[in-house]
Structure formats: structure tokens, C-alpha cells
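Here the structure comes first, spelled out in C-alpha cells, and everything after it is commentary.
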Amino acid sequence: MFSAELLPNYDRSALRTRIVHIGFGAFHRAHQALCSDLLASDHHSDWGICEVNLNSGELITALRAQSLLYSVTEMTDDSLSTRLIGVVTHALHAQGDGIDAVIEAMSQPDVAIISMTVTEKGYCHQPASGQLNLQHPSIQHDISQPDTPVSLPGLIVAAIKRRRQRGLAPFSVMSCDNMPENGQVTRQVVMQLAQQQDAALAKYIAEHIAFPSTMVDRIVPAMTPETLSTLSDKLGCRDEVAVVCEPFFQWVIEDKFVSGRPAWEKAGAELVADVLPFEQMKLRMLNGSHSFLAYLGYLAGYQHISDCMADENYLIAARRLMLAEQAPTLTITQVDLPAYADSLITRYQNRAIKHRTYQIASDGSQKLPQRWLDSIRWHLNNGSDFDLLALGVAGWMRYVSGVDEQGAAIIINDPLKEQLAQCVASTPDGPARVQALLALEAIFGRDLAASPLVAARIGEFYHQLQTQGARETVRQMISHD
Ligand code: NAI
Ligand code: CS2
């Protein structure tokens with residue numbers, strides 16, 4: 001179906017399924033899979049990928065219908081470049097193929113790496129503490145029925161168990177989700193679940209399985225029907241699995257693999273001993289400013305990040321958040337942070353990338369701790385100002401209150417949406433609501449709710465947003481300095 005000049009230039013039948021990836025979403029298609037494709041086409045790599053989705057089969061079905069081929073298109077305001085990805089060797093979805101087929105795919109002798117992009121909530125952990133949430137319904141299911149898991153941690157434990165029973169080599173488990181020390185978070189939830197099931201298996205995991213951390217960066221918005229149609233002309237066909245992304249690409253990987261890895265460094269990845277300083281920089285400066293723009297932007301009626309950038313006050317606020325309130329909290333030494341901030345602003349200004357504020361605003365309960373709250377703790381310890389961070393939290397609180405500035409309902413997309421709705425319904429719109437939301441321990445821990453300074457700063461901005469709206473609040477914040 002794709003035009004001949006786009007087809008991969010390498011022998012796809014020579015690929016071996018050495019990676020099983022869980023979470024065949026937009027991001028993975030334009031990031032890790034593309035990187036493996038570059039290795040196959042330019043460096044004779046035989047690392048093929050089995051793609052898995054646990055909770056929805058549509059994309060997998062579409063991919064199979066396209067002979068496991070799909071396109072990635074990099075876009076700027078005035079350029080567009082498409083590449084066809086041929087590195088997928090198999091594709092499975094738990095509902096259609098059954099979870100046992102997925103465990104079996106992960107238990108093949110060739111498989112050396114399990115990677116994943118399942119969003120923060122896929123780890124079933126408490127965002128504030130990183131501990132497995134033992135009350136999570138999927139985890140409760142997997143404790144009682146370990147051989148038919150429904151959660152990501154449960155699936156990993158089941159596959160490790162089967163490999164061990166068969167005497168196969170261990171694999172490495174590589175998270176590519178936006179969390180600090182994502183390898184450590186994955187290890188924690190997998191170990192805690194294994195301990196609930198089988199102490200000997202937990203010991204085996206501790207001794208044999210590697211959980212490298214990664215920092216991943218590329219802005220890949222959710223596809224829309226409009227973008228799909230625009231692409232159809234260029235491709236000469238309709239690619240239901242297509243993604244569009246910015247040209248920027250970064251991948252920093254902790255070089256800690258137990259059964260080998262592709263030579264990702266040949267395709268632009270950086271292999272390092274310690275990823276944490278990179279992860280914190282990206283999570284706080286990029287994702288932190290993204291979330292700020294998402295909540296304050298959505299409330300102001302800005303649909304996309306690039307719309308926020310067209311408002312000079314928002315641009316200045318985002319840059320100031322990065323440099324005045326996030327950069328001081330970082331330990332990284334090898335990056336010029338003002339130059340990094342400028343490059344982020346330039347990326348946000350790319351109007352070809354329709355990155356919706358609504359998309360970034362989703363799952364706030366899972367994102368706030370690593371994007372903002374650890375930085376607020378840093379400022380509390382250092383006695384420094386955290387006005388923009390507090391304004392961000394107040395913006396999130398206005399957002400999860402569920403009504404926009406025009407009085408229209410906001411549909412909240414968040415695994416804690418019931419608890420959020422409960423806080424909102426049980427409190428009047430004002431300081432009591434701020435306090436009730438701050439008391440959500442899974443997000444704020446105990447310390448932040450107990451800090452009178454935190455409650456006061458967030459409360460002031462909440463009131464200002466209530467009375468003056470987001471646009472005016474951001475304008476005043478910028479004009480005060
Ligand atoms: P997406 O919505 O296109 O895909 C999400 C994937 O996660 C789907 O495959 C879905 O099946 C899976 N998933 C969702 N909840 C799950 C659960 N509870 N258990 C198992 N699987 C689950 O989103 P996209 O854009 O692929 O982003 C996914 C993650 O990748 C993000 O949350 C983030 O951590 C990371 N990321 C995304 C970037 C982007 O620009 N889109 C850039 C950098 C990182
Ligand atoms: C965004 C990220 O959706 C979000 O919360 O902040 O997905 C962001 O686009 C990426 O991390 C960029 O690498």
C-alpha cells in the first residue's frame with residue numbers, strides 16, 4: 001500500500017524478535033522504534049520488535065493489516081519528512097490474542113529486552129512515594145491470579161517466572177516513560193508484586209533482572225483525523241498507524257543490560273552511567289513547563305502549546321519557570337541551561353505540531369510530583385521563591401474543579417478522577433478546596449499539605465485565578481518583576 005520509494009531498504013526477514021515493547025502508542029512509534037529502524041537500515045542490526053498493547057487492540061489490528069509497516073513524519077512550520085518503519089516483527093494485543101500469547105512472546109529465547117511506554121499510571125504505583133499501590137484493582141487481581149495478569153508489573157513478573165522455569169536467560173526491563181529513575185520505579189513495583197506472589201522469584205529478580213533508567217524526549221502529539229488526512233496525500237495512501245512528531249530527538253540510557261542491547265549510540269542515543277541528572281532536567285524544565293502551560297493555557301482558552309507561545313506573557317512565564325524555579329534545583333553540570341530553555345521555547349513554537357494542552361493536562365495526579373512538587377520541596381528547604389510552581393498547582397486545582405472560565409465542563413482524564421471529584425464536590429470553591437486537594441497524600445505526600453507556606457501561596461493564586469482568570473493572572477505575575 002505504501003509507495004515503493006518509502007519501503008525499508010533492508011531485508012526485514014533477517015530481523016529477529018529481540019525486543020518486546022509494551023505500549024504501542026504514539027511516542028514509541030516515533031522514538032524507540034524509529035531508532036531501531038535506523039540501526040537496521042544503516043548498521044545491519046537484526047534487533048526486531050514485537051509490539052504489544054494491553055488495553056486496546058485497534059492500533060495493533062491496523063498495524064497487522066499494513067504488513068507491520070507504518071510511517072513517522074517529522075514536521076516543522078515549513079518542512080516535512082516521512083520515513084517508513086519496518087522493524088516491527090510481530091504485533092499482539094492482550095484482548096484479542098490473550099495474555100498468555102503475550103507472556104509467551106516475552107518467553108522466547110531470543111528476547112533480551114522488554115521495553116515500555118505505558119504512561120505513568122501503567123506502573124500502578126503511588127506517584128508521591130514510588131511504592132506499588134497494593135489496593136489497585138489490577139494489582140489485587142494479579143496477586144490472586146498471577147498466571148493471567150492484567151497489569152504491567154503483573155505481566156513482567158509472569159514472564160520472568162516462565163523464563164526462569166524454562167531455564168532461559170534473563171531479560172532487561174527498560175521503562176521509557178516520563179518518570180525520574182524510571183528503571184528504579186519499575187524495579188520497585190515488579191519486586192513488590194513478586195514478593196506478594198513468590199519470595200524465591202522475587203530473590204531471582206533482585207539478582208538477575210536489570211532495570212536500566214532512561215531519559216526520553218521527543219514531542220509526539222496524539223494523532224487527529226485532520227493530521228491523518230493531511231498525511232494521506234503525501235503518502236499516497238491512508239496510514240492508520242501514522243504519527244507526526246517534531247524533528248528533535250533525545251534518548252539517554254543507563255548502560256546496564258543483562259543480555260545485550262542494540263548499538264543505540266549509532267542512532268543518536270547517549271549511553272551513560274547515571275541518567276538521573278538528565279531525567280530531572282528534562283522532567284522539571286520541559287515537562288514542568290509543559291504542565292504549567294497546559295493548565296494555565298487550557299483555562300485561558302489556548303488549545304495548543306504553540307497557541308500559548310503566541311501570548312508573550314505565557315512564553316516569558318514558561319521560560320522564567322524553567323530558569324528561575326526549576327534550573328536551580330538541578331544537579332546536571334554538562335548542559336548550558338539557559339540555552340536548553342531557549343531550545344525548549346523554540347520547540348514549543350513549532351506550529352506544525354498540534355500538541356493539545358488538554359492532552360498534556362491529563363493524568364496530572366501522576367505527573368505533578370516529579371514535574372513540580374520535588375522542586376517546591378527544594379525551595380522550601382532553601383528558603384527561595386516558588387511563585388510560578390505554586391501558580392501551576394493552583395492552575396491544576398482550578399482545572400480539576402471541572403469547570404472552565406466560560407462555565408463549560410472540563411472532562412477530567414486521570415486515574416484519581418473519583419478522588420478529585422470527591423474533593424471538589426465536598427468543598428466550596430475556595431481555600432477549603434485547596435486544602436482538600438492538598439491533602440491527597442498519593443500526590444502531595446504528607447509534608448506539603450502540612451506546610452502553611454505552601455497552602456498560603458497556592459491559595460493566593462487560586463483566588464487570583466478565580467477572580468481574574470488565567471490570562472490576567474499570568475500577565476500580572478510577569479509584570480511584577
Ligand atoms: P499514547 O496514548 O499514544 O499511548 C499510551 C500507551 O500506553 C498505549 O499503548 C496504551 O495501551 C498504554 N497504556 C495506557 N495505560 C496503560 C496501563 N494502565 N497499562 C498498560 N498500558 C497502558 O501515549 P504516548 O504519546 O505514546 O505516550 C506514552 C508515554 O510515553 C507518556 O505517558 C510518557 O510517559 C512517554 N512519553 C511521551 C512523549 C510524547 O511526546 N508523546 C514524549 C516522551 C515520553
Ligand atoms: C508531555 C510530554 O504529555 C505530556 O505530559 O509533557 O509527553 C512531552 O511531550 C514529552 O515528554 C516530550 O518529550
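The way I read the labels, and the way they are meant: chains A, B, ... in the order of the C-alpha cells, residue 1 as the first residue of every chain, and ligand 1 as the first ligand shown, with later ones counted on from there.
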Handout entry: Residues flagged strand (DSSP E or B) by DSSP in stretch 173-304 of chain A, as a list in words
Key =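 After running DSSP on the backbone, stretch 173-304 of chain A has strand (DSSP E or B) at Val173, Met174, Ser175, Ala210, Thr214, Met215, Val216, Asp217, Val243, Val244, Cys245, Gln250, Trp251, Val252, Ile253, Glu254, Glu270, Leu271, Val272 and His304 of chain A.
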Next, dump the selected residues to file, keeping only all heavy atoms, as a compact mmCIF listing (two decimals), in the first residue's frame.
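Result file again.txt:
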# COMPACT_ATOMS: atom_id res chain seq x y z
N VAL A 173 14.67 -4.92 31.62
CA VAL A 173 13.35 -4.27 31.57
C VAL A 173 13.58 -2.76 31.54
O VAL A 173 14.09 -2.18 32.49
CB VAL A 173 12.52 -4.66 32.81
CG1 VAL A 173 11.15 -4.00 32.76
CG2 VAL A 173 12.38 -6.18 32.91
N MET A 174 13.23 -2.14 30.40
CA MET A 174 13.61 -0.73 30.19
C MET A 174 12.36 0.15 30.05
O MET A 174 11.68 0.12 29.03
CB MET A 174 14.46 -0.63 28.91
CG MET A 174 14.85 0.80 28.58
SD MET A 174 15.89 0.90 27.10
CE MET A 174 14.74 0.40 25.84
N SER A 175 12.11 0.95 31.08
CA SER A 175 10.99 1.91 31.00
C SER A 175 11.41 3.11 30.15
O SER A 175 12.53 3.62 30.28
CB SER A 175 10.63 2.39 32.41
OG SER A 175 9.79 3.52 32.32
N ALA A 210 17.87 -6.73 35.03
CA ALA A 210 18.36 -5.35 35.02
C ALA A 210 17.20 -4.41 34.69
O ALA A 210 16.35 -4.74 33.85
CB ALA A 210 19.47 -5.19 33.98
N THR A 214 16.01 5.50 31.76
CA THR A 214 16.20 6.24 30.51
C THR A 214 15.60 7.63 30.65
O THR A 214 14.66 7.84 31.41
CB THR A 214 15.46 5.58 29.33
OG1 THR A 214 14.05 5.64 29.57
CG2 THR A 214 15.88 4.13 29.13
N MET A 215 16.17 8.57 29.88
CA MET A 215 15.51 9.86 29.69
C MET A 215 15.13 9.91 28.22
O MET A 215 15.98 9.66 27.36
CB MET A 215 16.46 11.00 30.05
CG MET A 215 15.85 12.37 29.88
SD MET A 215 16.06 13.06 28.22
CE MET A 215 17.09 14.46 28.62
N VAL A 216 13.86 10.15 27.97
CA VAL A 216 13.38 10.13 26.58
C VAL A 216 12.80 11.49 26.23
O VAL A 216 12.13 12.11 27.06
CB VAL A 216 12.30 9.05 26.38
CG1 VAL A 216 12.90 7.66 26.41
CG2 VAL A 216 11.19 9.17 27.41
N ASP A 217 13.05 11.95 25.05
CA ASP A 217 12.49 13.26 24.67
C ASP A 217 12.23 13.35 23.18
O ASP A 217 13.15 13.19 22.35
CB ASP A 217 13.44 14.38 25.12
CG ASP A 217 12.78 15.76 24.98
OD1 ASP A 217 11.57 15.82 24.67
OD2 ASP A 217 13.49 16.76 25.18
N VAL A 243 2.28 8.48 12.67
CA VAL A 243 2.47 9.52 13.69
C VAL A 243 3.23 10.69 13.08
O VAL A 243 4.01 10.53 12.15
CB VAL A 243 3.28 9.07 14.93
CG1 VAL A 243 2.41 8.44 15.96
CG2 VAL A 243 4.45 8.20 14.56
N VAL A 244 2.99 11.85 13.70
CA VAL A 244 3.69 13.07 13.32
C VAL A 244 4.44 13.55 14.54
O VAL A 244 3.93 13.45 15.66
CB VAL A 244 2.65 14.14 12.88
CG1 VAL A 244 3.27 15.51 12.82
CG2 VAL A 244 2.04 13.76 11.53
N CYS A 245 5.66 14.04 14.35
CA CYS A 245 6.43 14.50 15.50
C CYS A 245 7.33 15.66 15.10
O CYS A 245 7.46 15.97 13.92
CB CYS A 245 7.27 13.35 16.06
SG CYS A 245 8.45 12.70 14.86
N GLN A 250 15.89 12.96 21.56
CA GLN A 250 16.94 12.71 22.55
C GLN A 250 16.60 11.45 23.34
O GLN A 250 15.44 11.18 23.68
CB GLN A 250 17.09 13.90 23.52
CG GLN A 250 18.33 13.76 24.40
CD GLN A 250 18.59 14.98 25.28
OE1 GLN A 250 17.72 15.83 25.45
NE2 GLN A 250 19.78 15.05 25.87
N TRP A 251 17.63 10.66 23.61
CA TRP A 251 17.44 9.42 24.37
C TRP A 251 18.72 9.17 25.16
O TRP A 251 19.80 8.98 24.56
CB TRP A 251 17.17 8.25 23.40
CG TRP A 251 16.64 7.00 24.06
CD1 TRP A 251 16.27 6.83 25.35
CD2 TRP A 251 16.40 5.74 23.40
NE1 TRP A 251 15.81 5.55 25.55
CE2 TRP A 251 15.87 4.86 24.38
CE3 TRP A 251 16.55 5.28 22.09
CZ2 TRP A 251 15.53 3.54 24.09
CZ3 TRP A 251 16.21 3.98 21.81
CH2 TRP A 251 15.70 3.12 22.79
N VAL A 252 18.61 9.25 26.47
CA VAL A 252 19.77 8.99 27.33
C VAL A 252 19.47 7.70 28.10
O VAL A 252 18.42 7.58 28.74
CB VAL A 252 20.02 10.16 28.32
CG1 VAL A 252 21.31 9.94 29.09
CG2 VAL A 252 20.09 11.50 27.57
N ILE A 253 20.37 6.74 28.00
CA ILE A 253 20.08 5.40 28.52
C ILE A 253 21.18 4.98 29.51
O ILE A 253 22.38 5.13 29.22
CB ILE A 253 20.05 4.37 27.36
CG1 ILE A 253 19.07 4.81 26.27
CG2 ILE A 253 19.70 2.97 27.87
CD1 ILE A 253 19.18 4.01 24.97
N GLU A 254 20.75 4.45 30.63
CA GLU A 254 21.71 3.90 31.59
C GLU A 254 22.23 2.58 31.02
O GLU A 254 21.45 1.67 30.71
CB GLU A 254 20.99 3.66 32.92
CG GLU A 254 21.88 3.16 34.02
CD GLU A 254 21.11 2.84 35.30
OE1 GLU A 254 19.86 2.87 35.28
OE2 GLU A 254 21.76 2.54 36.31
N GLU A 270 22.42 8.41 23.79
CA GLU A 270 23.61 8.57 24.64
C GLU A 270 23.54 7.49 25.72
O GLU A 270 22.55 7.40 26.44
CB GLU A 270 23.60 9.94 25.33
CG GLU A 270 23.65 11.12 24.39
CD GLU A 270 23.09 12.39 25.04
OE1 GLU A 270 23.73 12.95 25.94
OE2 GLU A 270 21.98 12.80 24.65
N LEU A 271 24.58 6.66 25.82
CA LEU A 271 24.65 5.63 26.85
C LEU A 271 25.51 6.16 27.98
O LEU A 271 26.66 6.53 27.75
CB LEU A 271 25.24 4.34 26.28
CG LEU A 271 24.31 3.39 25.51
CD1 LEU A 271 23.24 2.81 26.43
CD2 LEU A 271 23.68 3.99 24.29
N VAL A 272 24.94 6.25 29.19
CA VAL A 272 25.67 6.87 30.31
C VAL A 272 25.58 5.98 31.55
O VAL A 272 24.79 5.04 31.60
CB VAL A 272 25.08 8.27 30.63
CG1 VAL A 272 25.16 9.21 29.44
CG2 VAL A 272 23.64 8.15 31.13
N HIS A 304 -3.52 24.74 22.02
CA HIS A 304 -2.24 24.07 21.76
C HIS A 304 -1.09 24.79 22.47
O HIS A 304 -1.20 25.98 22.77
CB HIS A 304 -1.95 24.04 20.25
CG HIS A 304 -3.04 23.39 19.47
ND1 HIS A 304 -3.90 24.10 18.68
CD2 HIS A 304 -3.42 22.09 19.39
CE1 HIS A 304 -4.77 23.25 18.13
NE2 HIS A 304 -4.50 22.04 18.54
Problem - Nearby polymer residues, ligand 1, at most 8 Å, only C-alpha atoms and all ligand atoms, as a ChimeraX atom specification - result: /A:22-29,52-56,117-124,150-152,176-179,216-222,245
Restrict the selected residues to C-alpha atoms and save them as a compact mmCIF listing (two decimals), in the first residue's frame.
# COMPACT_ATOMS: atom_id res chain seq x y z
CA ILE A 22 4.57 -2.90 25.80
CA GLY A 23 2.60 0.23 24.88
CA PHE A 24 2.44 0.71 21.14
CA GLY A 25 1.40 4.36 21.48
CA ALA A 26 2.29 7.48 19.52
CA PHE A 27 5.55 8.11 21.34
CA HIS A 28 7.18 4.71 20.97
CA ARG A 29 6.38 4.69 17.25
CA VAL A 52 2.12 -5.26 22.41
CA ASN A 53 -0.89 -3.31 23.62
CA LEU A 54 -2.55 -4.44 26.82
CA ASN A 55 -5.69 -2.35 26.84
CA SER A 56 -6.78 -1.64 23.30
CA THR A 117 5.77 3.27 27.25
CA VAL A 118 2.56 2.72 29.19
CA THR A 119 2.15 6.23 30.69
CA GLU A 120 2.90 6.92 34.33
CA LYS A 121 -0.32 5.25 35.50
CA GLY A 122 0.69 1.93 33.89
CA TYR A 123 3.11 1.27 36.77
CA CYS A 124 0.26 1.12 39.34
CA VAL A 150 -3.81 -7.63 33.72
CA SER A 151 -1.24 -5.05 34.90
CA LEU A 152 2.18 -4.21 33.50
CA CYS A 176 10.73 4.79 28.54
CA ASP A 177 8.10 6.68 30.48
CA ASN A 178 8.46 10.18 31.90
CA MET A 179 9.39 9.43 35.48
CA VAL A 216 13.38 10.13 26.58
CA ASP A 217 12.49 13.26 24.67
CA ARG A 218 10.57 13.96 21.51
CA ILE A 219 7.25 15.78 21.25
CA VAL A 220 4.77 13.40 19.63
CA PRO A 221 1.17 14.59 19.93
CA ALA A 222 -1.84 12.30 19.70
CA CYS A 245 6.43 14.50 15.50
Problem - Test item: residues at most 8 Å from A:Tyr295, only C-alpha atoms, excluding those fewer than 6 positions along its chain, as number ranges by chain - result: A: 357, 361, 392, 395-396, 399
Exercise for the section: Apply DSSP to the structure's backbone, then extract all residues of stretch 225-403 of chain A labelled alpha helix (DSSP H) and return them as a count of residues only. Expected result: 89
Exercise for the section: Mind checking which residues fall within 10 Å of A:Leu80, counting only C-alpha atoms, ignoring those fewer than 4 positions away in the same chain, and posting them as a list in words? Expected result: Thr73, Glu74, Met75, Thr76, Leu231, Lys234, Val244, Cys245, Glu246, Pro247 and Ala352 of chain A
Fill in the blank from the handout: Min atom-atom distance to ligand 2 from the set A:Ala318, A:Val102, A:Ile412, A:Ile305, counting only C-alpha atoms and all ligand atoms, belongs to A:Ile305
Handout entry: Selection near stretch 181-183 of chain A, 6 Å with only C-alpha atoms, sequence-local residues under 4 positions removed, as a list of chain:residue names
Key =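 Here the qualifying residues turn out to be A:Ser175, A:Phe211, A:Pro212, A:Ser213.
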Next, write the just-selected residues to a file, as a short mmCIF file (atom, residue, chain, number, x, y, z; two decimals), in the first residue's frame, keeping N, CA, C and O atoms as the atom set.
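Wrote part_35.cif, looks like this:
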data_model
loop_
_atom_site.label_atom_id
_atom_site.label_comp_id
_atom_site.auth_asym_id
_atom_site.auth_seq_id
_atom_site.Cartn_x
_atom_site.Cartn_y
_atom_site.Cartn_z
N SER A 175 12.11 0.95 31.08
CA SER A 175 10.99 1.91 31.00
C SER A 175 11.41 3.11 30.15
O SER A 175 12.53 3.62 30.28
N PHE A 211 17.19 -3.27 35.34
CA PHE A 211 16.15 -2.27 35.09
C PHE A 211 16.81 -0.93 34.75
O PHE A 211 16.83 -0.02 35.59
N PRO A 212 17.38 -0.79 33.56
CA PRO A 212 18.04 0.47 33.22
C PRO A 212 17.05 1.64 33.18
O PRO A 212 15.91 1.46 32.77
N SER A 213 17.51 2.79 33.63
CA SER A 213 16.68 4.01 33.53
C SER A 213 16.96 4.70 32.21
O SER A 213 18.05 4.55 31.63
#
Problem - Using only C-alpha atoms and all ligand atoms: which of A:Arg166, A:His31, A:Arg16, A:His136 has the shortest distance to ligand 2 - result: A:His31
Residues of stretch 328-403 of chain A at most 8 Å from stretch 127-135 of chain A: nearest atom pair and distance in Å, only C-alpha atoms, as a Markdown table:
| residue | atom | partner | partner_atom | distance |
| --- | --- | --- | --- | --- |
| A:Ser365 | CA | A:Pro127 | CA | 7.4 |
| A:Gln366 | CA | A:Pro127 | CA | 5.4 |
| A:Lys367 | CA | A:Pro127 | CA | 7.7 |
| A:Pro369 | CA | A:Ala128 | CA | 5.9 |
Store the residues picked out above, limited to C-alpha atoms, as a CSV table (one decimal), in the first residue's frame.
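Below is the file that was written, again09.csv:
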chain,number,residue,atom,x,y,z
A,365,SER,CA,-2.0,13.2,39.6
A,366,GLN,CA,0.7,11.1,38.1
A,367,LYS,CA,2.8,14.0,36.8
A,369,PRO,CA,5.2,15.0,41.9
Practice task
May I ask for the distance between atom CA of A:Ala390 and atom CA of A:Ser375, given in Å to one decimal place?
Solution key: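 About the pair atom CA of A:Ala390 and atom CA of A:Ser375: they are 10.5 Å apart.
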Handout entry: Test item: residues at most 8 Å from stretch 283-288 of chain A, only C-alpha atoms, excluding those fewer than 2 positions along its chain, as a VMD selection string
Key = chain A and resid 178 to 180 279 to 281 290 to 292 321 to 323 326 to 327 341 344 370 to 372 375
Keeping C-alpha atoms for every residue in the selection just given, could you write it to a file as an mmCIF file, in the first residue's frame?
data_model
loop_
_atom_site.group_PDB
_atom_site.id
_atom_site.type_symbol
_atom_site.label_atom_id
_atom_site.label_comp_id
_atom_site.auth_asym_id
_atom_site.auth_seq_id
_atom_site.Cartn_x
_atom_site.Cartn_y
_atom_site.Cartn_z
ATOM 1 C CA ASN A 178 8.456 10.178 31.895
ATOM 2 C CA MET A 179 9.392 9.430 35.480
ATOM 3 C CA PRO A 180 12.600 10.146 37.387
ATOM 4 C CA GLU A 279 15.874 12.927 33.705
ATOM 5 C CA GLN A 280 15.455 15.630 36.333
ATOM 6 C CA MET A 281 16.479 18.351 33.903
ATOM 7 C CA HIS A 290 4.541 21.867 29.652
ATOM 8 C CA SER A 291 2.184 21.151 32.549
ATOM 9 C CA PHE A 292 2.221 24.840 33.552
ATOM 10 C CA LEU A 321 9.671 28.863 35.459
ATOM 11 C CA MET A 322 12.404 26.843 33.744
ATOM 12 C CA LEU A 323 15.294 29.094 34.700
ATOM 13 C CA GLN A 326 13.475 24.637 38.076
ATOM 14 C CA ALA A 327 17.099 25.071 36.966
ATOM 15 C CA ALA A 341 15.488 26.693 27.970
ATOM 16 C CA LEU A 344 12.579 24.294 24.517
ATOM 17 C CA GLN A 370 8.141 14.765 39.536
ATOM 18 C CA ARG A 371 7.403 17.887 37.473
ATOM 19 C CA TRP A 372 6.698 20.413 40.270
ATOM 20 C CA SER A 375 11.083 21.371 43.171
#
